[in-house]
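I have placed the structure first, in the form of structure tokens, so that the comments after it can refer back to it.
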Amino acid sequence: KLGSGGMGVVYKAEDTRLGRWVALKFLSESFARDRHALTRFQLEARVIASLEHENICTIHDIGEYEGSCFIVMQLLDGMTLADRLVEGACDVEEVTTFGIEIASALDKAHRSGVIHRDLKPGNVFVTKDGHIKLLDFGLAKLQLERTEQSMLPTVASAPLTNPGAAVGT
């Protein structure tokens, strides 16, 4: 077990077909029977997979095991920005690099019609080589419209949360 959040639990696992380590994010049992939560979880995987950006965690697959849905993600080596900040203040070079990479990832998401809505240090990962990966698009605002070329969401506005409801941290 690598960690857990509001809607899911993340484990380190071996992809035996491709011979690599991955992270598996399972929908928490408390949400597994909630159709709305399941839809949001599956949509999160599809949206992140469609973004393809060096500063957004890569999604490899989605699946189900014994009735539990999971997302297969890139296994990252490093720590969240929240954990990094516990170690002390970042220097100017780190702040600049982190800011540029976070902005680049958000720009890609926004141009694709995805608004993260839960951006916080716990959802920003700092890799061992000092680069950023955005995590957890589970509360993102999305649109379910389809284009002729793609079955993926295109612009932000799906009502997957209640209007006026507080989301995120």
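We label chains A, B, ... in the order they appear in the structure tokens, count residues from 1 in each chain, and number ligands from 1 in the order shown.
All residues of protein, DNA or RNA that reach within 10 Å of segment 92-103 of chain A, judged by only C-alpha atoms and not counting those fewer than 3 positions away in the chain, are A:Glu54, A:Asn55, A:Ile56, A:Leu81, A:Ala89, A:Leu106, A:Asp107, A:Lys108, A:Ala109, A:Leu119, A:Val124, A:Phe125, A:Val126, A:Gly130, A:His131, A:Ile132, A:Lys133, A:Leu134.
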Write out, as a CSV table (one decimal), in the first residue's frame, the residues just selected, with all heavy atoms.
```csv
chain,number,residue,atom,x,y,z
A,54,GLU,N,4.1,15.3,-20.0
A,54,GLU,CA,5.2,14.9,-19.2
A,54,GLU,C,5.1,15.2,-17.7
A,54,GLU,O,5.8,14.6,-16.9
A,54,GLU,CB,6.6,15.4,-19.8
A,54,GLU,CG,6.7,16.9,-19.8
A,54,GLU,CD,6.2,17.5,-21.1
A,54,GLU,OE1,5.5,16.9,-21.9
A,54,GLU,OE2,6.5,18.7,-21.3
A,55,ASN,N,4.2,16.2,-17.4
A,55,ASN,CA,4.0,16.6,-16.0
A,55,ASN,C,2.7,16.1,-15.4
A,55,ASN,O,2.2,16.6,-14.4
A,55,ASN,CB,4.2,18.1,-15.9
A,55,ASN,CG,5.6,18.5,-16.3
A,55,ASN,OD1,5.7,19.3,-17.2
A,55,ASN,ND2,6.6,18.1,-15.6
A,56,ILE,N,2.1,15.1,-16.1
A,56,ILE,CA,0.8,14.5,-15.6
A,56,ILE,C,1.1,13.0,-15.5
A,56,ILE,O,1.6,12.4,-16.5
A,56,ILE,CB,-0.4,14.9,-16.5
A,56,ILE,CG1,-0.6,16.4,-16.5
A,56,ILE,CG2,-1.6,14.1,-16.1
A,56,ILE,CD1,-1.7,16.8,-17.5
A,81,LEU,N,4.6,17.0,-3.1
A,81,LEU,CA,5.1,18.4,-2.7
A,81,LEU,C,4.9,18.6,-1.2
A,81,LEU,O,5.7,19.3,-0.6
A,81,LEU,CB,4.5,19.4,-3.6
A,81,LEU,CG,5.0,20.9,-3.4
A,81,LEU,CD1,6.5,21.0,-3.5
A,81,LEU,CD2,4.3,21.8,-4.4
A,89,ALA,N,11.9,24.7,3.2
A,89,ALA,CA,11.5,25.6,2.1
A,89,ALA,C,12.3,25.2,0.8
A,89,ALA,O,13.4,24.7,0.9
A,89,ALA,CB,11.9,27.0,2.4
A,106,LEU,N,-1.1,22.2,-16.2
A,106,LEU,CA,-2.5,22.8,-16.1
A,106,LEU,C,-2.9,23.4,-17.4
A,106,LEU,O,-4.1,23.3,-17.8
A,106,LEU,CB,-2.5,23.9,-15.0
A,106,LEU,CG,-2.5,23.3,-13.6
A,106,LEU,CD1,-2.4,24.5,-12.6
A,106,LEU,CD2,-3.6,22.4,-13.3
A,107,ASP,N,-1.9,24.0,-18.1
A,107,ASP,CA,-2.2,24.5,-19.5
A,107,ASP,C,-2.7,23.4,-20.4
A,107,ASP,O,-3.7,23.6,-21.1
A,107,ASP,CB,-1.0,25.2,-20.0
A,107,ASP,CG,-1.2,25.8,-21.4
A,107,ASP,OD1,-2.1,26.6,-21.6
A,107,ASP,OD2,-0.5,25.3,-22.4
A,108,LYS,N,-2.0,22.3,-20.4
A,108,LYS,CA,-2.5,21.2,-21.2
A,108,LYS,C,-3.9,20.7,-20.8
A,108,LYS,O,-4.7,20.5,-21.7
A,108,LYS,CB,-1.5,20.0,-21.1
A,108,LYS,CG,-1.9,18.7,-21.7
A,108,LYS,CD,-2.0,18.8,-23.2
A,108,LYS,CE,-2.3,17.4,-23.8
A,108,LYS,NZ,-2.4,17.5,-25.3
A,109,ALA,N,-4.1,20.6,-19.6
A,109,ALA,CA,-5.4,20.1,-19.1
A,109,ALA,C,-6.5,21.2,-19.5
A,109,ALA,O,-7.5,20.8,-20.0
A,109,ALA,CB,-5.4,20.0,-17.6
A,119,LEU,N,-6.2,21.1,-6.8
A,119,LEU,CA,-4.7,21.3,-6.8
A,119,LEU,C,-4.3,21.7,-5.5
A,119,LEU,O,-4.7,22.7,-4.9
A,119,LEU,CB,-4.4,22.3,-7.9
A,119,LEU,CG,-2.9,22.5,-8.2
A,119,LEU,CD1,-2.3,21.2,-8.8
A,119,LEU,CD2,-2.8,23.6,-9.2
A,124,VAL,N,0.5,17.1,-6.0
A,124,VAL,CA,1.6,17.4,-6.8
A,124,VAL,C,2.7,16.5,-6.4
A,124,VAL,O,3.1,16.5,-5.2
A,124,VAL,CB,2.0,18.9,-6.7
A,124,VAL,CG1,3.2,19.2,-7.5
A,124,VAL,CG2,0.8,19.8,-7.1
A,125,PHE,N,3.3,15.7,-7.3
A,125,PHE,CA,4.4,14.8,-7.0
A,125,PHE,C,5.7,15.3,-7.5
A,125,PHE,O,5.8,15.8,-8.6
A,125,PHE,CB,4.1,13.4,-7.6
A,125,PHE,CG,4.8,12.3,-7.0
A,125,PHE,CD1,4.4,11.6,-5.9
A,125,PHE,CD2,6.1,11.9,-7.5
A,125,PHE,CE1,5.1,10.6,-5.3
A,125,PHE,CE2,6.8,10.9,-6.9
A,125,PHE,CZ,6.3,10.2,-5.8
A,126,VAL,N,6.7,15.2,-6.7
A,126,VAL,CA,8.1,15.6,-7.0
A,126,VAL,C,8.9,14.4,-7.2
A,126,VAL,O,9.1,13.6,-6.3
A,126,VAL,CB,8.7,16.5,-6.0
A,126,VAL,CG1,10.1,17.0,-6.4
A,126,VAL,CG2,7.9,17.7,-5.7
A,130,GLY,N,13.6,15.6,-9.6
A,130,GLY,CA,13.2,17.0,-9.4
A,130,GLY,C,12.1,17.5,-10.4
A,130,GLY,O,12.0,18.8,-10.5
A,131,HIS,N,11.4,16.7,-11.0
A,131,HIS,CA,10.3,17.1,-11.9
A,131,HIS,C,9.0,16.8,-11.3
A,131,HIS,O,8.8,16.1,-10.4
A,131,HIS,CB,10.4,16.4,-13.3
A,131,HIS,CG,11.6,16.8,-14.0
A,131,HIS,ND1,11.8,18.1,-14.7
A,131,HIS,CD2,12.8,16.2,-14.2
A,131,HIS,CE1,12.9,18.2,-15.2
A,131,HIS,NE2,13.6,17.1,-15.0
A,132,ILE,N,8.0,17.5,-11.8
A,132,ILE,CA,6.6,17.5,-11.3
A,132,ILE,C,5.7,16.5,-12.1
A,132,ILE,O,5.8,16.5,-13.3
A,132,ILE,CB,6.0,18.9,-11.3
A,132,ILE,CG1,6.7,19.9,-10.4
A,132,ILE,CG2,4.5,18.9,-11.1
A,132,ILE,CD1,6.6,19.5,-8.9
A,133,LYS,N,4.8,15.9,-11.3
A,133,LYS,CA,3.7,15.1,-12.0
A,133,LYS,C,2.5,15.4,-11.2
A,133,LYS,O,2.4,15.3,-10.0
A,133,LYS,CB,4.0,13.6,-11.8
A,133,LYS,CG,5.2,13.0,-12.6
A,133,LYS,CD,4.8,12.9,-14.0
A,133,LYS,CE,5.9,12.1,-14.8
A,133,LYS,NZ,5.6,11.8,-16.1
A,134,LEU,N,1.5,15.9,-11.9
A,134,LEU,CA,0.2,16.2,-11.3
A,134,LEU,C,-0.6,14.9,-11.1
A,134,LEU,O,-0.6,14.0,-12.0
A,134,LEU,CB,-0.7,17.1,-12.2
A,134,LEU,CG,-0.3,18.6,-12.2
A,134,LEU,CD1,-1.4,19.4,-12.9
A,134,LEU,CD2,0.0,19.2,-10.8
```
**Study point:** Those in segment 8-126 of chain A with helix (DSSP H, G or I) from DSSP, as number ranges by chain
**Key:** A: 29-32, 35-51, 81-86, 92-111, 121-123
Selection file, C-alpha atoms, as a compact mmCIF listing (two decimals), in the first residue's frame:
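The result, stored in result03.txt:
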```txt
# COMPACT_ATOMS: atom_id res chain seq x y z
CA GLU A 29 -15.03 -0.11 -0.92
CA SER A 30 -17.33 2.60 0.43
CA PHE A 31 -17.65 4.01 -3.11
CA ALA A 32 -17.49 0.76 -5.11
CA ARG A 35 -22.73 4.43 -9.58
CA HIS A 36 -21.88 8.13 -9.50
CA ALA A 37 -18.49 7.48 -7.85
CA LEU A 38 -17.77 4.61 -10.26
CA THR A 39 -18.59 6.80 -13.27
CA ARG A 40 -16.33 9.58 -11.95
CA PHE A 41 -13.51 7.09 -11.27
CA GLN A 42 -13.67 5.62 -14.77
CA LEU A 43 -13.93 9.06 -16.34
CA GLU A 44 -10.90 10.23 -14.34
CA ALA A 45 -8.86 7.43 -15.92
CA ARG A 46 -10.06 8.21 -19.44
CA VAL A 47 -9.44 11.93 -19.10
CA ILE A 48 -5.94 11.62 -17.63
CA ALA A 49 -5.02 9.01 -20.25
CA SER A 50 -6.11 11.44 -22.98
CA LEU A 51 -3.93 14.30 -21.69
CA LEU A 81 5.13 18.35 -2.71
CA ALA A 82 3.43 18.33 0.72
CA ASP A 83 6.05 15.86 1.98
CA ARG A 84 8.84 17.80 0.27
CA LEU A 85 7.76 21.02 2.03
CA VAL A 86 7.97 19.27 5.43
CA VAL A 92 14.37 29.68 -5.93
CA GLU A 93 15.44 27.24 -8.66
CA GLU A 94 13.08 24.53 -7.36
CA VAL A 95 10.17 26.96 -7.01
CA THR A 96 10.74 28.19 -10.55
CA THR A 97 10.99 24.67 -12.00
CA PHE A 98 7.96 23.45 -10.06
CA GLY A 99 5.91 26.50 -11.03
CA ILE A 100 6.73 26.18 -14.73
CA GLU A 101 5.98 22.44 -14.78
CA ILE A 102 2.71 22.78 -12.82
CA ALA A 103 1.62 25.62 -15.12
CA SER A 104 2.54 23.56 -18.20
CA ALA A 105 0.48 20.58 -16.98
CA LEU A 106 -2.48 22.80 -16.10
CA ASP A 107 -2.24 24.55 -19.47
CA LYS A 108 -2.45 21.17 -21.23
CA ALA A 109 -5.42 20.14 -19.09
CA HIS A 110 -7.22 23.48 -19.57
CA ARG A 111 -6.67 23.44 -23.34
CA PRO A 121 0.69 20.04 -2.50
CA GLY A 122 -0.62 16.53 -1.76
CA ASN A 123 -1.70 16.14 -5.40
```
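Here atom CA of Ala23 of chain A and atom CA of Gly67 of chain A stand 18.5 Å from one another.
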For the strand (DSSP E) assignment from backbone DSSP, which residues of chain A qualify? Please present them as a CSV table (one decimal) with N, CA and C atoms, in the first residue's frame.
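Just written: result.csv:
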```
chain,number,residue,atom,x,y,z
A,3,GLY,N,-0.6,4.5,-0.4
A,3,GLY,CA,-1.3,5.6,0.2
A,3,GLY,C,-2.8,5.5,0.0
A,4,SER,N,-3.5,6.4,0.5
A,4,SER,CA,-5.0,6.4,0.3
A,4,SER,C,-5.5,7.9,0.4
A,8,GLY,N,-10.0,6.6,-2.9
A,8,GLY,CA,-9.3,5.5,-3.4
A,8,GLY,C,-8.1,5.1,-2.5
A,9,VAL,N,-7.5,3.9,-2.8
A,9,VAL,CA,-6.3,3.4,-2.2
A,9,VAL,C,-5.4,3.0,-3.3
A,10,VAL,N,-4.1,3.4,-3.1
A,10,VAL,CA,-3.1,3.1,-4.2
A,10,VAL,C,-2.1,2.1,-3.7
A,11,TYR,N,-1.8,1.1,-4.5
A,11,TYR,CA,-0.9,0.0,-4.2
A,11,TYR,C,0.2,0.0,-5.2
A,12,LYS,N,1.4,-0.5,-4.8
A,12,LYS,CA,2.5,-0.8,-5.8
A,12,LYS,C,2.2,-2.3,-6.2
A,13,ALA,N,2.3,-2.5,-7.6
A,13,ALA,CA,2.0,-3.8,-8.1
A,13,ALA,C,3.0,-4.1,-9.3
A,14,GLU,N,3.1,-5.4,-9.6
A,14,GLU,CA,3.9,-5.8,-10.7
A,14,GLU,C,3.0,-6.1,-11.9
A,15,ASP,N,3.3,-5.4,-13.0
A,15,ASP,CA,2.7,-5.8,-14.3
A,15,ASP,C,3.4,-6.9,-14.8
A,20,ARG,N,7.0,-4.8,-15.4
A,20,ARG,CA,7.3,-3.4,-14.9
A,20,ARG,C,6.5,-3.2,-13.6
A,21,TRP,N,7.0,-2.3,-12.8
A,21,TRP,CA,6.2,-1.9,-11.6
A,21,TRP,C,5.3,-0.8,-11.9
A,22,VAL,N,4.1,-0.9,-11.4
A,22,VAL,CA,3.0,0.1,-11.6
A,22,VAL,C,2.3,0.5,-10.3
A,23,ALA,N,1.5,1.5,-10.3
A,23,ALA,CA,0.7,1.8,-9.2
A,23,ALA,C,-0.8,1.5,-9.6
A,24,LEU,N,-1.5,0.8,-8.7
A,24,LEU,CA,-2.9,0.5,-8.9
A,24,LEU,C,-3.7,1.3,-7.9
A,25,LYS,N,-4.6,2.1,-8.5
A,25,LYS,CA,-5.5,2.9,-7.7
A,25,LYS,C,-6.9,2.3,-7.7
A,26,PHE,N,-7.3,1.7,-6.6
A,26,PHE,CA,-8.6,1.1,-6.4
A,26,PHE,C,-9.6,2.0,-5.8
A,27,LEU,N,-10.8,2.0,-6.3
A,27,LEU,CA,-11.9,2.8,-5.7
A,27,LEU,C,-12.2,2.2,-4.4
A,59,ILE,N,-1.5,7.2,-17.3
A,59,ILE,CA,-2.4,6.1,-17.0
A,59,ILE,C,-2.2,5.0,-18.1
A,60,HIS,N,-2.0,3.8,-17.7
A,60,HIS,CA,-1.7,2.7,-18.6
A,60,HIS,C,-3.0,1.9,-18.9
A,61,ASP,N,-3.9,1.8,-18.0
A,61,ASP,CA,-5.0,0.9,-18.2
A,61,ASP,C,-6.0,1.1,-17.1
A,62,ILE,N,-7.2,0.5,-17.3
A,62,ILE,CA,-8.2,0.5,-16.2
A,62,ILE,C,-8.8,-0.9,-16.2
A,63,GLY,N,-9.2,-1.4,-15.1
A,63,GLY,CA,-9.7,-2.8,-15.0
A,63,GLY,C,-10.5,-3.0,-13.8
A,64,GLU,N,-10.8,-4.3,-13.6
A,64,GLU,CA,-11.6,-4.7,-12.5
A,64,GLU,C,-11.1,-6.0,-11.9
A,65,TYR,N,-11.1,-6.2,-10.6
A,65,TYR,CA,-10.6,-7.4,-10.0
A,65,TYR,C,-11.6,-7.7,-8.9
A,68,SER,N,-13.9,-5.0,-7.9
A,68,SER,CA,-13.4,-3.7,-7.6
A,68,SER,C,-12.7,-3.1,-8.8
A,69,CYS,N,-13.0,-1.9,-9.1
A,69,CYS,CA,-12.4,-1.2,-10.2
A,69,CYS,C,-11.1,-0.6,-9.8
A,70,PHE,N,-10.1,-0.6,-10.8
A,70,PHE,CA,-8.8,0.0,-10.5
A,70,PHE,C,-8.3,0.7,-11.8
A,71,ILE,N,-7.4,1.6,-11.5
A,71,ILE,CA,-6.6,2.3,-12.6
A,71,ILE,C,-5.2,1.9,-12.5
A,72,VAL,N,-4.6,1.6,-13.6
A,72,VAL,CA,-3.1,1.2,-13.6
A,72,VAL,C,-2.4,2.5,-14.1
A,73,MET,N,-1.5,2.9,-13.2
A,73,MET,CA,-0.8,4.2,-13.4
A,73,MET,C,0.7,4.0,-13.4
A,74,GLN,N,1.4,4.9,-13.9
A,74,GLN,CA,2.8,5.0,-13.8
A,74,GLN,C,3.2,5.0,-12.3
A,78,GLY,N,9.7,9.2,-5.6
A,78,GLY,CA,9.8,10.5,-5.1
A,78,GLY,C,8.9,10.8,-3.9
A,79,MET,N,8.3,12.0,-3.9
A,79,MET,CA,7.4,12.3,-2.8
A,79,MET,C,6.4,13.4,-3.2
A,80,THR,N,5.3,13.5,-2.5
A,80,THR,CA,4.4,14.6,-2.8
A,80,THR,C,5.1,16.0,-2.5
A,124,VAL,N,0.5,17.1,-6.0
A,124,VAL,CA,1.6,17.4,-6.8
A,124,VAL,C,2.7,16.5,-6.4
A,125,PHE,N,3.3,15.7,-7.3
A,125,PHE,CA,4.4,14.8,-7.0
A,125,PHE,C,5.7,15.3,-7.5
A,126,VAL,N,6.7,15.2,-6.7
A,126,VAL,CA,8.1,15.6,-7.0
A,126,VAL,C,8.9,14.4,-7.2
A,127,THR,N,9.3,14.1,-8.5
A,127,THR,CA,10.1,12.9,-8.7
A,127,THR,C,11.5,13.0,-8.2
A,132,ILE,N,8.0,17.5,-11.8
A,132,ILE,CA,6.6,17.5,-11.3
A,132,ILE,C,5.7,16.5,-12.1
A,133,LYS,N,4.8,15.9,-11.3
A,133,LYS,CA,3.7,15.1,-12.0
A,133,LYS,C,2.5,15.4,-11.2
A,134,LEU,N,1.5,15.9,-11.9
A,134,LEU,CA,0.2,16.2,-11.3
A,134,LEU,C,-0.6,14.9,-11.1
```
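Atom to atom, atom CA of His116 of chain A and atom CA of Asp136 of chain A stand 8.2 Å apart.
With atom CA of Cys57 of chain A on one side and atom CA of Gly19 of chain A on the other, the separation reads 19.1 Å.
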